[in-house]
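J.: Quick one: the structure is below, and I'll ask about it shortly.
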Amino acid sequence: MKIKNSIALVATCLCGYLAQAQITFSPYSVFGIGDIQSRAMSHQEAMGGVGIGTPSFYHINNMNPALLTYNVLSAFEIGLQGESRTAASEFDNQTTGTGGFKYLSFAFPVLYNRMTTNIGVRPYSSVNFDFLTSGQVIGNEDVISITENQGEGGISEVYWSNGIKIIDNLSVGVRSSFLFGFIEDETKIYLYSEDVLAQVPTGLKEKTNYKGFTFGFGASYEIDIAKDKRINIGATYDLAHSLEGDRLTRQVTFVNDNSIPGDTLTNRTYSNAFDLPAEYGIGVSFEHLNRFIIGIDVARAEWKEDAAFGDFSEQKMRDSYRAGLGVEIIPKYNDVDSYLSRVRYRFGVSYEQVPYLAGTTKIDDFGINFGWSLPVKSVSSLDMAFKYGQRGTKSDGLVKETYIKFVLGATLNDRWFVRRKYN
């Protein structure tokens with residue numbers, strides 16, 4: 001009972017914290033609702049984000065709810081993320097370090113070996129940017145305007161998933177999510193010329209609160225090809241949905257780093273403030289039980305070109321794709337003499353075409369992943385994942401990002417909800 005109460009307390013505190021969490025600092029988070037975060041947990045991150053068709057007895061799978069049926073024990077997982085990111089343009093470069101909460105997930109069997117439920121919370125998107133743009137004032141070529149763009153916030157997700165085994169080799173799953181959070185943007189405009197000796201900068205402040213529900217489905221099928229070998233096939237589909245948004249836009253004047261509110265330009269509610277895409281994916285893995293597993297995922301998200309409505313943004317979106325290939329190796333899972341032989345080693349690569357266009361330029365992301373799970377007792381572990389990635393380009397006045405991401409997770413498996421046969 002103490003364990004369950006502690007989990008509930010931690011989850012409640014984190015739900016309030018997540019709406020203000022930013023785990024990535026990137027100029028590309030200016031687009032849409034920010035950087036869309038991967039669902040992958042630590043063990044999946046280390047395998048290139050693979051998980052749609054790659055089951056695990058020891059870890060929760062929140063990428064395909066149908067694979068929750070493999071969690072026949074109660075499982076609790078928590079993860080933290082840190083990263084170092086260098087943004088380089090044709091003229092300058094900047095390195096920043098960020099970190100924060102990655103996920104909290106709890107799963108337990110409702111019907112042993114037949115149905116498992118899962119609740120969790122995680123950042124859905126992250127907004128955190130600060131950059132300058134410059135240009136000449138129209139009608140006066142002697143005056144240059146410098147605009148400082150800042151933003152922070154993000155969207156959080158609380159989800160509830162269920163996996164049900166229909167027959168021995170076929171499982172289905174469903175996931176419902178509530179998204180909430182806010183994004184704040186600020187622009188500060190300076191004018192520079194020989195005639196401008198002193199000035200009071202002006203600009204805009206915008207705050208948008210988002211909320212909405214999403215639903216997703218999954219299926220998995222297991223093909224036994226030998227006593228200890230099998231092929232797993234998984235598929236997922238997430239419905240398209242519109243987020244509701246309340247936006248407040250004001251003119252502001254900046255005096256000694258303090259903002260003085262001016263006229264209100266926008267103060268209204270949009271029932272379709274931002275359109276989330278329909279997304280479907282498929283994953284396949286080959287598994288040699290307790291020896292190794294190799295998996296591959298491919299997914300596509302169908303974004304509307306104008307995902308934002310009203311006067312929100314003229315930013316155009318495109319369909320996005322992602323693919324991952326990963327492998328997990330266990331040298332000898334039952335070797336009591338060698339701890340390192342029981343460690344689960346993971347490697348992978350990932351590729352993603354992100355949904356937004358920077359002008360007319362497409363932005364892609366490529367990563368090399370690796371990590372491991374250090375066993376604790378018999379069925380729990382300390383999980384680590386690393387990713388070296390690149391995103392963007394220096395051409396067309398844009399930014400190329402190089403980053404190193406680290407995810408630290410802890411997994412606890414136990415029989416909290418299994419009735420004891422003997423006292």
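Following the order of the structure tokens, chains are lettered A, B, ..., residues in each are numbered from 1, and ligands are numbered from 1.
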Counting only C-alpha atoms, which residues of range 185-282 of chain A sit at most 8 Å from some atom of range 51-71 of chain A, and what is each one's closest atom pair with its distance in Å to one decimal, listed by chain and rising residue number, as CSV?
T.:
```
residue,atom,partner,partner_atom,distance
A:Phe217,CA,A:Pro65,CA,7.1
A:Gly218,CA,A:Ala66,CA,5.2
A:Ala219,CA,A:Ala66,CA,5.1
A:Ser220,CA,A:Ala66,CA,5.9
A:Asn232,CA,A:Gly53,CA,5.8
A:Ile233,CA,A:Gly53,CA,5.0
A:Gly234,CA,A:Gly53,CA,4.1
A:Ala235,CA,A:Ile52,CA,6.3
A:Thr236,CA,A:Asn64,CA,6.2
A:Gly281,CA,A:Ile52,CA,7.3
A:Ile282,CA,A:Ile52,CA,6.3
```
J.: Considering only C-alpha atoms, return as a ChimeraX atom specification whatever protein or nucleic-acid residues lie within 10 Å of Gly295 in chain A, sequence-local ones (same chain, fewer than 2 positions apart) excluded.
T.: /A:47-55,231-233,283-287,293,297,324-328,348
J.: Using only N, CA, C and O atoms, please write the residues we just selected to a file, as a CSV table (one decimal), in the first residue's frame.
T.:
```csv
chain,number,residue,atom,x,y,z
A,47,MET,N,17.5,1.6,-28.9
A,47,MET,CA,17.3,0.8,-30.1
A,47,MET,C,16.8,1.6,-31.3
A,47,MET,O,16.1,1.1,-32.2
A,48,GLY,N,17.1,2.9,-31.3
A,48,GLY,CA,16.6,3.8,-32.4
A,48,GLY,C,15.2,4.1,-32.4
A,48,GLY,O,14.6,4.4,-33.4
A,49,GLY,N,14.5,4.0,-31.2
A,49,GLY,CA,13.1,4.4,-31.1
A,49,GLY,C,12.2,3.3,-31.6
A,49,GLY,O,11.0,3.5,-31.9
A,50,VAL,N,12.7,2.0,-31.7
A,50,VAL,CA,11.9,0.9,-32.2
A,50,VAL,C,11.0,0.4,-31.0
A,50,VAL,O,11.5,0.2,-29.9
A,51,GLY,N,9.8,0.0,-31.3
A,51,GLY,CA,8.9,-0.5,-30.3
A,51,GLY,C,7.5,-0.9,-30.8
A,51,GLY,O,6.8,-1.6,-30.1
A,52,ILE,N,7.1,-0.6,-32.0
A,52,ILE,CA,5.8,-1.0,-32.5
A,52,ILE,C,5.6,-2.5,-32.6
A,52,ILE,O,4.5,-3.0,-32.3
A,53,GLY,N,6.6,-3.2,-33.0
A,53,GLY,CA,6.5,-4.6,-33.1
A,53,GLY,C,7.6,-5.3,-32.3
A,53,GLY,O,7.9,-6.5,-32.6
A,54,THR,N,8.1,-4.7,-31.2
A,54,THR,CA,9.2,-5.3,-30.4
A,54,THR,C,8.7,-5.4,-29.0
A,54,THR,O,8.8,-4.4,-28.2
A,55,PRO,N,8.3,-6.5,-28.6
A,55,PRO,CA,7.7,-6.7,-27.2
A,55,PRO,C,8.8,-6.8,-26.2
A,55,PRO,O,10.0,-7.1,-26.5
A,231,ILE,N,8.7,-14.5,-34.6
A,231,ILE,CA,8.6,-13.2,-35.4
A,231,ILE,C,7.4,-12.5,-34.8
A,231,ILE,O,6.3,-13.0,-34.6
A,232,ASN,N,7.6,-11.2,-34.5
A,232,ASN,CA,6.5,-10.4,-33.9
A,232,ASN,C,6.2,-9.3,-34.9
A,232,ASN,O,7.1,-8.6,-35.5
A,233,ILE,N,4.9,-9.1,-35.2
A,233,ILE,CA,4.4,-8.1,-36.1
A,233,ILE,C,3.5,-7.2,-35.3
A,233,ILE,O,2.5,-7.6,-34.7
A,283,GLY,N,5.6,-2.3,-37.3
A,283,GLY,CA,6.9,-2.8,-36.8
A,283,GLY,C,7.0,-4.3,-36.9
A,283,GLY,O,6.0,-5.0,-36.7
A,284,VAL,N,8.2,-4.8,-37.1
A,284,VAL,CA,8.5,-6.2,-37.2
A,284,VAL,C,9.8,-6.5,-36.5
A,284,VAL,O,10.7,-5.7,-36.5
A,285,SER,N,9.8,-7.6,-35.7
A,285,SER,CA,11.0,-8.0,-35.0
A,285,SER,C,11.2,-9.5,-35.1
A,285,SER,O,10.2,-10.3,-35.2
A,286,PHE,N,12.5,-9.9,-35.0
A,286,PHE,CA,12.8,-11.3,-34.9
A,286,PHE,C,13.5,-11.5,-33.6
A,286,PHE,O,14.4,-10.8,-33.2
A,287,GLU,N,13.0,-12.5,-32.8
A,287,GLU,CA,13.5,-12.7,-31.4
A,287,GLU,C,13.9,-14.1,-31.2
A,287,GLU,O,13.2,-15.1,-31.5
A,293,ILE,N,17.2,-9.8,-29.9
A,293,ILE,CA,16.0,-9.4,-30.7
A,293,ILE,C,16.4,-8.2,-31.6
A,293,ILE,O,17.1,-7.3,-31.2
A,297,ASP,N,11.0,-0.4,-37.3
A,297,ASP,CA,9.7,0.4,-37.3
A,297,ASP,C,9.7,1.4,-38.4
A,297,ASP,O,10.7,2.0,-38.8
A,324,GLY,N,13.2,3.4,-37.8
A,324,GLY,CA,14.2,3.0,-36.8
A,324,GLY,C,14.6,1.5,-37.0
A,324,GLY,O,13.8,0.7,-37.4
A,325,LEU,N,15.8,1.2,-36.7
A,325,LEU,CA,16.3,-0.1,-36.7
A,325,LEU,C,17.2,-0.3,-35.4
A,325,LEU,O,18.0,0.5,-35.1
A,326,GLY,N,16.8,-1.4,-34.7
A,326,GLY,CA,17.6,-1.6,-33.4
A,326,GLY,C,17.7,-3.1,-33.1
A,326,GLY,O,17.0,-3.9,-33.6
A,327,VAL,N,18.7,-3.3,-32.2
A,327,VAL,CA,19.0,-4.7,-31.8
A,327,VAL,C,19.3,-4.7,-30.3
A,327,VAL,O,19.9,-3.7,-29.8
A,328,GLU,N,18.8,-5.7,-29.6
A,328,GLU,CA,19.1,-5.9,-28.2
A,328,GLU,C,19.8,-7.3,-28.0
A,328,GLU,O,19.3,-8.3,-28.6
A,348,GLY,N,21.2,1.0,-32.2
A,348,GLY,CA,20.2,1.3,-33.2
A,348,GLY,C,20.5,2.6,-34.0
A,348,GLY,O,21.4,3.4,-33.6
```
J.: For Asp168 in chain A, find every residue with an atom within 10 Å (counting only C-alpha atoms), except residues of its own chain fewer than 5 positions away, and show them as number ranges by chain.
T.: A: 113-114, 221-222
J.: Return the single residue from A:Asp185, A:Asp263, A:Asp246, A:Asp319 that is closest to Glu302 in chain A, with distances computed using only C-alpha atoms.
T.: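 Answer, going by the shortest atom-to-atom distance: A:Asp319.
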J.: With only C-alpha atoms as the basis for distance, which of A:Ser176, A:Leu408, A:Glu45, A:Gln315 is at the shortest distance from Leu80 in chain A?
T.: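 Ranking A:Ser176, A:Leu408, A:Glu45, A:Gln315 by distance to Leu80 in chain A, first place goes to A:Leu408.
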J.: Which residue, A:Asn128, A:Thr133, A:Asn413, A:Gln94, has the smallest gap to Phe25 in chain A when you use only C-alpha atoms?
T.: A:Asn128
J.: Skip range 377-382 of chain A itself and residues of its chain fewer than 5 positions away, then list as a PyMOL selection string all residues within 12 Å of it, counting only C-alpha atoms.
T.: chain A and resi 42-43+56-60+71-80+333-336+339+342-344+371-372+407-415
